[in-house]
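For reference, the structure discussed in these notes is given below.
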Amino acid sequence: MSTVDLASSTRRVRIEINERAVEAEVEPRLLLADFIRERAGLRGTHLGCEHGVCGACTVQLDGEPVRSCLMLAVQADGRSVRTVESLGRGGLHPLQRAFIECHGVQCGFCTPGILMSIEPLVQEGRTLTREEIRHALSGNLCRCTGYQGIIAAVELALSWAHT
Amino acid sequence: MTWTARLQGEAQPQAADEQPSLHLGPGRVIGRRIQRLEDPRLLTGQAPFVADVNLPGMVHAAIVRSPAAHGYLRTIDAAEALGSPGVQAVLTAKDLDELGVGEMPVHWLRPGQRNVSNPILATDKVYYVGQPVAVVVADDAYAAEDAAELVSLEIDPLPAMVNAEEALQPGATILHEEWETNLLAEHIASGGDVDRQFEHAEVVIAERFQIQRQAGMPIETRGAAATYDPLTGELTLWVSTQMPHLVKTDICQVCGWPGHKVRVIAPAVGGGFGVKEPPYPEEIVVCVLAKQLARPVKWVEDRREHFLASVQAREMTWDVELAADGNGRILGLRGRVIYDVGGHASAQGIGVPIVGTGMMLGPYDVQHMRVHILGAVTNKVPAGAYRGFGRPQATFVMERLVDELAARLNLDRAAVRQRNFIAPHAQPYRNALGHVYDGGDYGRTLDRALRQIGYDVFAARQAEARAQGRLLGIGFVTFVMEAGLGPSEQIVRGGHMTGTYETVLIRMDPSGKAVVYCGSSSQGQGHETTLAQVCADRLGLDPERDVVVVLGDTATTPYSPASAIGSRVGMVGGAATFLAADRIREKLVKLTAHLLEANVGDIEISEGLAYVQGSKDRALTIQEVATAACLGSNLPDGMLPGLEVSETFDPPVSTFPYATHAATVEIDPDTGGLTILRYVVVQDCGTMINPSVVEGQIAGGVAQGIGGALLEQLVYNSDGQPLTTSFMDYLLPTAVEIPDIEIVHLQTPAPDIPGGMKGLGEAGTVAPAAVLGNAVADALAPFGIRVTTLPLDPDRLWRAINRRGDGAS
Ligand code: FES
Ligand code: FES
C-alpha cells in the first residue's frame with residue numbers, strides 16, 4: 001500500500017485576498033483560515049472551533065460565504081477571497097455602522113464571521129423578516145449578545161440598503 | 001432605531017438618547033446610551049486577540065493530555081516526538097520539578113479542604129481525560145500537534161468514578177488515595193432553627209433536583225503567548241484571561257519570579273463567562289518555556305481541548321425540602337447538595353455551591369434554612385466558575401419548589417410569591433445566612449413582568465390551546481443576587497484568597513484629556529465605554545473624544561485582585577473611577593477658583609469648561625486649567641502640581657440587584673420541541689451607566705441561561721470518556737432559539753456605592769432555567785409531570801409526555 005507523506009510535499013498556491021495576490025509554498029493540509037491568518041497576515045478572520053460549526057472563520061470565496069476552517073488553502077488556489085479587512089476601506093461599511101448603532105458587538109470574536117456571512121444579503125438589498133434574519137444568522141454562534149443587537153443591526157443595515 | 005428603543009422602559013434614565021452631543025457634566029453622561037468605544041477595532045478585525053500575537057522566532061506549544069480518566073501514569077516516552085521535524089523541546093512534570101516550578105494554587109479554601117494546590121503537569125496519576133501531561137514545542141503549530149501525538153504514555157488504568165453522589169458512598173474508588181475519601185470539602189449553610197419549622201409545617205414539599213454539567217463556552221478558546229528577555233530578565237505574557245493580575249501573582253508564586261519582572265497583558269479577549277477566571281497550567285507552562293528556550297512561545301487551545309481542559313460547571317444534585325403553612329407562607333428550607341468537583345479542585349474549590357446557596361432564599365422573608373454542601377471529586381474536568389456561579393442552580397431548585405408548593409395548595413403562583421416577599425419597608429433586610437440586602441421592591445418587578453407578559457389573560461389562552469391539543473405554559477421567577485463579592489475583609493475570612501477592591505488611576509495632562517487605568521480586563525462587557533462614561537461624567541468631558549481607558553495590562557494598571565468576576569467591574573471599578581474623577585474635579589475646581597478669583601463654591605464644571613456659576617463668560621477651558629495644574633506655577637497655597645489621582649474602592653457591602661423574569665412557551669407534543677414565545681425581564685441593577693450595555697449584558701446572560709435550560713449538556717460515559725467534545729455534540733443556542741428579549745428597567749441606586757451601581761453581569765443567567773422549568777411544568781400540568789432535571793431537551797420532554805408523569809422530566 002502506498003502512503004503519501006502529506007507533511008513533506010508542498011504546493012505553490014496563489015490566492016487573491018482582498019484584491020491582492022498572495023502567493024506561497026504551502027503544505028496541502030494547510031487550512032485556508034491559517035493561510036489567511038499566517039501567510040497573508042490578516043488576523044481579522046477568527047477560529048472558534050475549527051470544525052465548521054461556529055462560523056467565526058467565515059470569509060467570502062468568489063463572493064460566497066464559506067468556512068475557512070473547512071477548506072484547504074490549495075482548494076482556494078486561483079480563486080478570490082474577501083475577509084473582514086476588505087469591508088469599509090475608507091470608512092465603515094453600513095453593516096459595521098449598524099452593528100455599532102445597535103450594540104451588536106460585545107467581545108467581537110464572532111463579529112467578523114457574522115459580517116462576512118451577512119454582507120452579501122445587504123449588498124443584494126434583500127428584504128428579510130426578523131425570522132428570516134434569525135435563520136440567516138443561524139450558522140454563526142455568538143455567546144455574548146444573545147443575538148438581540150445583531151438581529152437589530154442586520155435589520156437596520158437592510159433597511160438602509162433600501163433607502 | 002436601535003433595538004433597545006423598541007423595548008418598553010419605565011424609569012428610563014434621565015439622559016435619553018436624543019441628547020445633543022455636547023451636553024456634558026455630572027449626571028449627564030452616566031445613564032446615556034452612547035455607542036461603544038471598542039467597536040470600530042473589533043468590527044474591522046483589528047483588535048488583537050492572543051492568537052494574533054506573533055513575534056520573531058516564535059515557537060508553538062501543543063499539550064499532550066491524558067487519554068484516560070483515571071490511572072497511574074507510569075512512563076512518558078518522548079523520544080520519537082523529540083526526533084520529529086521542527087521539535088524544540090518536550091516538557092514534563094519532572095522538568096518542572098527540576099526547574100523549581102511549584103503547583104497551581106487553589107484560591108478558595110474551606111476549613112479542612114483536601115487540596116490547596118494542583119500539579120501543572122500530571123505526576124504519578126491522572127484524574128480526568130484531558131489533564132495536561134506533557135508539552136511539545138515546535139517551530140509551528142502543525143508540527144507541534146503532530147509531535148504531541150508521538151509522545152507515548154503508559155497509564156495503568158483504574159476504574160473511573162463519574163458520579164459525585166456515588167463517589168461519596170462507602171467502597172467507592174478513591175481518586176486521591178492520601179485523602180481516603182472523595183470529599184474535597186464541605187460546608188453547612190445554616191441560619192435559624194429550621195427543624196423546628198418542619199415540626200409544625202402544614203405542608204412539606206420534598207424533591208430531588210439534578211442539574212447537568214455545562215460550560216461557559218466562549219467563542220474564543222483560551223490561549224497564551226510569552227516572551228522572555230534574557231538581558232533584562234523580563235517576561236511578558238499575553239493571555240486570554242479575566243484576571244491578568246491574578247495570573248501574574250500565580251506565575252510569580254509558582255515560578256518564584258519577582259513581580260517587577262513579570263508583565264501580564266489581557267489583550268482583546270473573546271468572552272470569559274468564568275471559564276477564563278482561574279489561572280491555568282498552560283499559562284504557566286508557556287512562561288517557563290519562553291524563559292528556558294529564550295524564544296517566544298505561543299499556545300492556542302483548540303475547541304476539542306477546550307472541552308477537555310477548561311473549567312466546566314453547574315453539575316449538582318439537590319435533595320431538599322420546603323416547609324410551609326397552609327396559606328403558602330414559607331417557613332424553612334433544608335437539605336443537601338452534592339457538587340461535582342471533577343478530578344481536583346479548580347481555583348474556586350467549592351465556592352460555587354456556597355455562593356449559590358447563600359442567596360437561595362432570595363426575595364423571600366424566611367429566616368430558617370440549612371443546606372449541607374458537599375463537594376466530591378470525580379474523574380471529569382475540574383469544575384469552576386460559570387456566569388451565575390451557583391445561583392442559577394439554587395434559583396432553579398428554590399423556584400421549582402415554590403411552584404410545587406402553590407400547586408399543592410392550589411394557590412396562584414404569583415400570590416404565593418407576593419405573600420412571601422420581603423416588604424420594601426423591611427429593607428435593609430438581613431437574610432437567614434446574614435447577608436444584608438440593600439433595598440428592593442420585589443413585588444413591583446413581579447407585577448410589572450406579569451403585566452408585560454399578560455399573565456391575567458394567559459390562563460384563558462392556555463385553556464383554549466389545550467382544547468386544541470396544544471401545550472402552552474407560563475413561568476416566572478423573582479430573584480435577588482449578591483453582587484460585587486462584598487468587602488475584602490469579609491471574603492478573605494470566608495476563604496477566598498483574593499481581595500475584592502479595585503484601584504483606578506486617572507491621569508490628566510496639559511491637553512485636558514483623561515486616561516483611566518484600571519487593572520480589570522474586559523471580555524466584551526464594554527468596560528472601556530462605561531468607565532469612560534463615569535470619568536467623563538464627573539469631569540464635564542466627552543467620553544468619546546476626551547477619555548481613554550486602559551485595562552488589563554499589569555505593567556500600567558493598578559493591582560486588581562478580583563478583576564472581571566462577580567458582576568463587579570461596573571460597580572466596584574465604576575465606583576473607584578467615580579471617586580478618582582471626583583478628586584481630579586475637586587482640584588480643577590479649586591484651581592479655577594484661584595485663577596478666576598472666585599469662590600470655590602461658585603465654580604461649575606461641564607461641557608469641557610470650568611466657570612463661575614451663572615456667568616459663563618468667566619470661564620476657562622478644562623485644557624487651560626489642566627495646563628496650569630501641570631505647569632505648577634500660580635497654584636493656590638498648599639496645592640501640589642500635577643493631575644494624577646489614584647483611588648481604591650473596597651466595597652463596604654455587597655449589593656443586591658434583583659429582577660423578575662417571565663416566559664411563555666409552547667411544547668410540541670409530537671416532538672417534545674419547545675419554543676419560547678415571549679421572554680420578559682424586569683431588572684433593577686441600580687444606576688445604569690449605559691442602558692444599552694446593560695441590555696446587552698442581560699440579553700447575553702439570558703441566552704446562556706436558555707442554552708443551559710434547553711440544550712447544553714456535557715456528557716461522560718461510565719469510563720469517564722467525554723462524549724461531547726465539539727459544537728456538534730454540545731449545542732449552543734443560535735439566533736433561531738433565542739426569542740426577542742423584552743427588558744424593562746427599574747433604577748434604585750445602590751445606597752452604599754458611589755455612583756449607585758448594583759452590578760449586573762451575571763444577572764441574566766440566574767433565572768432562565770427556573771423560568772423555563774416552571775413554564776414547562778405549567779404546560780405539562782395535565783400530565784402530572786414534575787420538572788426536576790435539566791436540560792429540558794426534546795427527548796426528555798417527549799418521554800415525559802408519552803410516559804405520563806413518571807417524573808422523568
Ligand atoms: S472556526 Fe470555522 S466554523 Fe468555527
Ligand atoms: S460578541 Fe462575543 S461571541 Fe459574539
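Convention: chains lettered A, B, ... in C-alpha cells order; per-chain residue numbering from 1; ligands numbered from 1 as shown.
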Interface, chain B side, toward chain A (8 Å; only C-alpha atoms) as a VMD selection string: chain B and resid 1 to 4 35 to 36 39 to 40 42 to 48 52 217 to 221 268 to 271 302 to 304 523 to 526 692 to 693 696 to 697 699 to 704 726 to 728 732 to 736 738 740 to 741
Cys69 in chain A surroundings by only C-alpha atoms, 6 Å radius, close-in-sequence under 2 positions cut, as a PDB file with N, CA and C atoms, in the first residue's frame:
ATOM      1  N   LEU A  31      -4.874  24.826   6.294  1.00  0.00           N
ATOM      2  CA  LEU A  31      -6.238  25.343   6.190  1.00  0.00           C
ATOM      3  C   LEU A  31      -6.234  26.709   5.519  1.00  0.00           C
ATOM      4  N   ALA A  33      -8.013  29.076   6.456  1.00  0.00           N
ATOM      5  CA  ALA A  33      -8.007  30.037   7.569  1.00  0.00           C
ATOM      6  C   ALA A  33      -6.579  30.358   7.993  1.00  0.00           C
ATOM      7  N   GLU A  50     -12.767  25.326  14.552  1.00  0.00           N
ATOM      8  CA  GLU A  50     -12.026  24.541  13.565  1.00  0.00           C
ATOM      9  C   GLU A  50     -12.746  23.266  13.169  1.00  0.00           C
ATOM     10  N   ARG A  67     -16.711  28.616   5.159  1.00  0.00           N
ATOM     11  CA  ARG A  67     -15.967  28.488   6.416  1.00  0.00           C
ATOM     12  C   ARG A  67     -14.527  28.184   6.088  1.00  0.00           C
ATOM     13  N   MET A  71     -11.838  24.438   4.681  1.00  0.00           N
ATOM     14  CA  MET A  71     -11.259  24.414   3.334  1.00  0.00           C
ATOM     15  C   MET A  71      -9.760  24.410   3.452  1.00  0.00           C
TER      16      MET A  71
END
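CA of Glu644 in chain B lies 24.4 Å from CA of Gly499 in chain B.
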Per-residue DSSP, range 276-325 of chain B, filtered to alpha helix (DSSP H), as a VMD selection string: chain B and resid 281 to 293 303 to 309
Store the residues picked out above, limited to N, CA and C atoms, as a PDB file, in the first residue's frame.
ATOM      1  N   PRO B 281      -2.744  25.927  34.111  1.00  0.00           N
ATOM      2  CA  PRO B 281      -1.395  25.372  33.955  1.00  0.00           C
ATOM      3  C   PRO B 281      -0.720  25.795  32.648  1.00  0.00           C
ATOM      4  N   GLU B 282      -1.469  25.801  31.547  1.00  0.00           N
ATOM      5  CA  GLU B 282      -0.846  26.100  30.251  1.00  0.00           C
ATOM      6  C   GLU B 282      -0.218  27.492  30.254  1.00  0.00           C
ATOM      7  N   GLU B 283      -0.808  28.396  31.043  1.00  0.00           N
ATOM      8  CA  GLU B 283      -0.318  29.779  31.074  1.00  0.00           C
ATOM      9  C   GLU B 283       1.039  29.848  31.765  1.00  0.00           C
ATOM     10  N   ILE B 284       1.205  29.014  32.774  1.00  0.00           N
ATOM     11  CA  ILE B 284       2.497  28.948  33.471  1.00  0.00           C
ATOM     12  C   ILE B 284       3.531  28.301  32.549  1.00  0.00           C
ATOM     13  N   VAL B 285       3.076  27.238  31.893  1.00  0.00           N
ATOM     14  CA  VAL B 285       4.000  26.453  31.075  1.00  0.00           C
ATOM     15  C   VAL B 285       4.620  27.287  29.950  1.00  0.00           C
ATOM     16  N   VAL B 286       3.831  28.106  29.270  1.00  0.00           N
ATOM     17  CA  VAL B 286       4.429  28.891  28.180  1.00  0.00           C
ATOM     18  C   VAL B 286       5.446  29.887  28.732  1.00  0.00           C
ATOM     19  N   CYS B 287       5.217  30.378  29.937  1.00  0.00           N
ATOM     20  CA  CYS B 287       6.204  31.295  30.539  1.00  0.00           C
ATOM     21  C   CYS B 287       7.506  30.556  30.824  1.00  0.00           C
ATOM     22  N   VAL B 288       7.382  29.389  31.428  1.00  0.00           N
ATOM     23  CA  VAL B 288       8.571  28.606  31.763  1.00  0.00           C
ATOM     24  C   VAL B 288       9.356  28.279  30.489  1.00  0.00           C
ATOM     25  N   LEU B 289       8.619  27.892  29.448  1.00  0.00           N
ATOM     26  CA  LEU B 289       9.289  27.522  28.192  1.00  0.00           C
ATOM     27  C   LEU B 289       9.930  28.727  27.525  1.00  0.00           C
ATOM     28  N   ALA B 290       9.255  29.866  27.566  1.00  0.00           N
ATOM     29  CA  ALA B 290       9.829  31.062  26.936  1.00  0.00           C
ATOM     30  C   ALA B 290      11.162  31.400  27.582  1.00  0.00           C
ATOM     31  N   LYS B 291      11.220  31.210  28.885  1.00  0.00           N
ATOM     32  CA  LYS B 291      12.472  31.508  29.582  1.00  0.00           C
ATOM     33  C   LYS B 291      13.533  30.449  29.254  1.00  0.00           C
ATOM     34  N   GLN B 292      13.126  29.180  29.312  1.00  0.00           N
ATOM     35  CA  GLN B 292      14.095  28.108  29.090  1.00  0.00           C
ATOM     36  C   GLN B 292      14.646  28.132  27.670  1.00  0.00           C
ATOM     37  N   LEU B 293      13.764  28.360  26.691  1.00  0.00           N
ATOM     38  CA  LEU B 293      14.193  28.309  25.288  1.00  0.00           C
ATOM     39  C   LEU B 293      14.709  29.656  24.805  1.00  0.00           C
ATOM     40  N   ARG B 303     -10.766  23.791  20.031  1.00  0.00           N
ATOM     41  CA  ARG B 303     -12.074  23.627  20.675  1.00  0.00           C
ATOM     42  C   ARG B 303     -12.190  22.293  21.392  1.00  0.00           C
ATOM     43  N   ARG B 304     -11.584  21.262  20.800  1.00  0.00           N
ATOM     44  CA  ARG B 304     -11.662  19.963  21.465  1.00  0.00           C
ATOM     45  C   ARG B 304     -10.958  20.021  22.821  1.00  0.00           C
ATOM     46  N   GLU B 305      -9.796  20.641  22.831  1.00  0.00           N
ATOM     47  CA  GLU B 305      -9.092  20.823  24.111  1.00  0.00           C
ATOM     48  C   GLU B 305      -9.940  21.609  25.094  1.00  0.00           C
ATOM     49  N   HIS B 306     -10.628  22.598  24.565  1.00  0.00           N
ATOM     50  CA  HIS B 306     -11.453  23.419  25.457  1.00  0.00           C
ATOM     51  C   HIS B 306     -12.474  22.536  26.188  1.00  0.00           C
ATOM     52  N   PHE B 307     -13.011  21.548  25.459  1.00  0.00           N
ATOM     53  CA  PHE B 307     -13.963  20.621  26.079  1.00  0.00           C
ATOM     54  C   PHE B 307     -13.281  19.663  27.064  1.00  0.00           C
ATOM     55  N   LEU B 308     -11.965  19.559  26.971  1.00  0.00           N
ATOM     56  CA  LEU B 308     -11.245  18.603  27.817  1.00  0.00           C
ATOM     57  C   LEU B 308     -10.497  19.262  28.969  1.00  0.00           C
ATOM     58  N   ALA B 309     -10.324  20.565  28.904  1.00  0.00           N
ATOM     59  CA  ALA B 309      -9.358  21.131  29.844  1.00  0.00           C
ATOM     60  C   ALA B 309      -9.713  22.500  30.397  1.00  0.00           C
TER      61      ALA B 309
END
If you run DSSP on the backbone, which residues of chain A are strand (DSSP E or B), as a JSON list (two decimals) with N, CA and C atoms, in the first residue's frame?
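Output file out_17.json is given in full below:
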[["chain", "number", "residue", "atom", "x", "y", "z"],
["A", 11, "ARG", "N", 2.99, 22.66, -2.08],
["A", 11, "ARG", "CA", 2.49, 23.14, -3.38],
["A", 11, "ARG", "C", 2.46, 24.65, -3.36],
["A", 12, "ARG", "N", 2.62, 25.21, -4.52],
["A", 12, "ARG", "CA", 2.58, 26.67, -4.63],
["A", 12, "ARG", "C", 1.13, 27.08, -4.91],
["A", 13, "VAL", "N", 0.61, 27.99, -4.13],
["A", 13, "VAL", "CA", -0.75, 28.48, -4.41],
["A", 13, "VAL", "C", -0.73, 30.00, -4.53],
["A", 14, "ARG", "N", -1.72, 30.46, -5.25],
["A", 14, "ARG", "CA", -1.86, 31.91, -5.45],
["A", 14, "ARG", "C", -3.34, 32.21, -5.22],
["A", 15, "ILE", "N", -3.58, 32.96, -4.18],
["A", 15, "ILE", "CA", -4.97, 33.29, -3.84],
["A", 15, "ILE", "C", -5.08, 34.81, -3.81],
["A", 16, "GLU", "N", -6.14, 35.29, -4.44],
["A", 16, "GLU", "CA", -6.33, 36.74, -4.38],
["A", 16, "GLU", "C", -7.14, 37.04, -3.11],
["A", 17, "ILE", "N", -6.52, 37.78, -2.20],
["A", 17, "ILE", "CA", -7.22, 38.10, -0.95],
["A", 17, "ILE", "C", -7.41, 39.60, -0.88],
["A", 20, "ARG", "N", -5.65, 41.51, -3.47],
["A", 20, "ARG", "CA", -4.19, 41.46, -3.51],
["A", 20, "ARG", "C", -3.81, 39.99, -3.67],
["A", 21, "ALA", "N", -2.89, 39.73, -4.61],
["A", 21, "ALA", "CA", -2.50, 38.34, -4.82],
["A", 21, "ALA", "C", -1.51, 37.92, -3.74],
["A", 22, "VAL", "N", -1.80, 36.78, -3.10],
["A", 22, "VAL", "CA", -0.88, 36.26, -2.10],
["A", 22, "VAL", "C", -0.41, 34.90, -2.59],
["A", 23, "GLU", "N", 0.90, 34.76, -2.73],
["A", 23, "GLU", "CA", 1.45, 33.50, -3.23],
["A", 23, "GLU", "C", 2.31, 32.88, -2.15],
["A", 24, "ALA", "N", 2.20, 31.58, -2.01],
["A", 24, "ALA", "CA", 3.05, 30.93, -1.02],
["A", 24, "ALA", "C", 3.18, 29.45, -1.33],
["A", 25, "GLU", "N", 4.25, 28.89, -0.83],
["A", 25, "GLU", "CA", 4.51, 27.46, -0.90],
["A", 25, "GLU", "C", 3.85, 26.86, 0.34],
["A", 26, "VAL", "N", 2.87, 25.99, 0.16],
["A", 26, "VAL", "CA", 2.16, 25.50, 1.36],
["A", 26, "VAL", "C", 2.07, 23.99, 1.37],
["A", 31, "LEU", "N", -4.87, 24.83, 6.29],
["A", 31, "LEU", "CA", -6.24, 25.34, 6.19],
["A", 31, "LEU", "C", -6.23, 26.71, 5.52],
["A", 58, "THR", "N", -15.76, 32.62, 8.92],
["A", 58, "THR", "CA", -16.40, 32.82, 7.62],
["A", 58, "THR", "C", -15.72, 33.92, 6.80],
["A", 59, "VAL", "N", -15.41, 33.59, 5.56],
["A", 59, "VAL", "CA", -14.90, 34.56, 4.58],
["A", 59, "VAL", "C", -15.73, 34.36, 3.31],
["A", 60, "GLN", "N", -15.54, 35.22, 2.34],
["A", 60, "GLN", "CA", -16.24, 35.02, 1.07],
["A", 60, "GLN", "C", -15.26, 34.50, 0.02],
["A", 61, "LEU", "N", -15.67, 33.40, -0.63],
["A", 61, "LEU", "CA", -14.86, 32.83, -1.69],
["A", 61, "LEU", "C", -15.62, 33.07, -2.99],
["A", 64, "GLU", "N", -19.12, 34.08, -2.22],
["A", 64, "GLU", "CA", -20.00, 33.22, -1.42],
["A", 64, "GLU", "C", -19.39, 33.01, -0.03],
["A", 65, "PRO", "N", -20.20, 33.17, 1.03],
["A", 65, "PRO", "CA", -19.65, 32.89, 2.36],
["A", 65, "PRO", "C", -19.23, 31.42, 2.50],
["A", 66, "VAL", "N", -18.02, 31.18, 2.99],
["A", 66, "VAL", "CA", -17.56, 29.82, 3.26],
["A", 66, "VAL", "C", -16.83, 29.82, 4.60],
["A", 67, "ARG", "N", -16.71, 28.62, 5.16],
["A", 67, "ARG", "CA", -15.97, 28.49, 6.42],
["A", 67, "ARG", "C", -14.53, 28.18, 6.09],
["A", 72, "LEU", "N", -9.13, 23.80, 2.49],
["A", 72, "LEU", "CA", -7.67, 23.85, 2.45],
["A", 72, "LEU", "C", -7.26, 25.02, 1.55],
["A", 80, "SER", "N", -10.71, 33.88, -5.52],
["A", 80, "SER", "CA", -10.62, 35.17, -4.86],
["A", 80, "SER", "C", -11.38, 35.16, -3.54],
["A", 81, "VAL", "N", -10.72, 35.67, -2.52],
["A", 81, "VAL", "CA", -11.25, 35.63, -1.16],
["A", 81, "VAL", "C", -11.43, 37.05, -0.65],
["A", 82, "ARG", "N", -12.52, 37.27, 0.08],
["A", 82, "ARG", "CA", -12.67, 38.54, 0.79],
["A", 82, "ARG", "C", -12.80, 38.26, 2.28]]
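CA of Asp684 in chain B sits 27.1 Å away from CA of Lys276 in chain B.
Proximity ranking of A:Arg79, A:Ala73, A:His162, A:Asp34 relative to ligand 1 places A:Asp34 first, based on only C-alpha atoms and all ligand atoms.
When CA of Met161 in chain B is paired with CA of Tyr72 in chain B, their separation reads 14.6 Å.
Counting only C-alpha atoms and all ligand atoms, the residue from A:Cys57, A:Ile36, A:Val74, A:Ala161 that sits nearest to ligand 1 is A:Cys57.
Proximity to Gly25 in chain B was assessed for B:Gly608, B:Gly705, B:Gly473, B:Gly638 counting only C-alpha atoms; the smallest distance is recorded for B:Gly608.
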Among listed residues B:Ala770, B:Ala426, B:Leu37, B:Val548, nearest Arg391 in chain B (using only C-alpha atoms): B:Ala770
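Take the candidates B:Thr232, B:Arg295, B:Phe273, B:Pro170 and check each one against ligand 2 using only C-alpha atoms and all ligand atoms; the shortest distance goes to B:Phe273.
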Non-local contacts of Thr660 in chain B (6 Å; only C-alpha atoms; under 6 positions in same chain excluded) as a ChimeraX atom specification: /B:445-446,477-478,681-682
Spatial neighbours of range 404-414 of chain B, max dist 10 Å, only C-alpha atoms, sep filter under 6 positions, as number ranges by chain: B: 203-207, 322-330, 398, 443, 446-447, 450, 455, 475-478, 774, 777-778, 781, 786-787
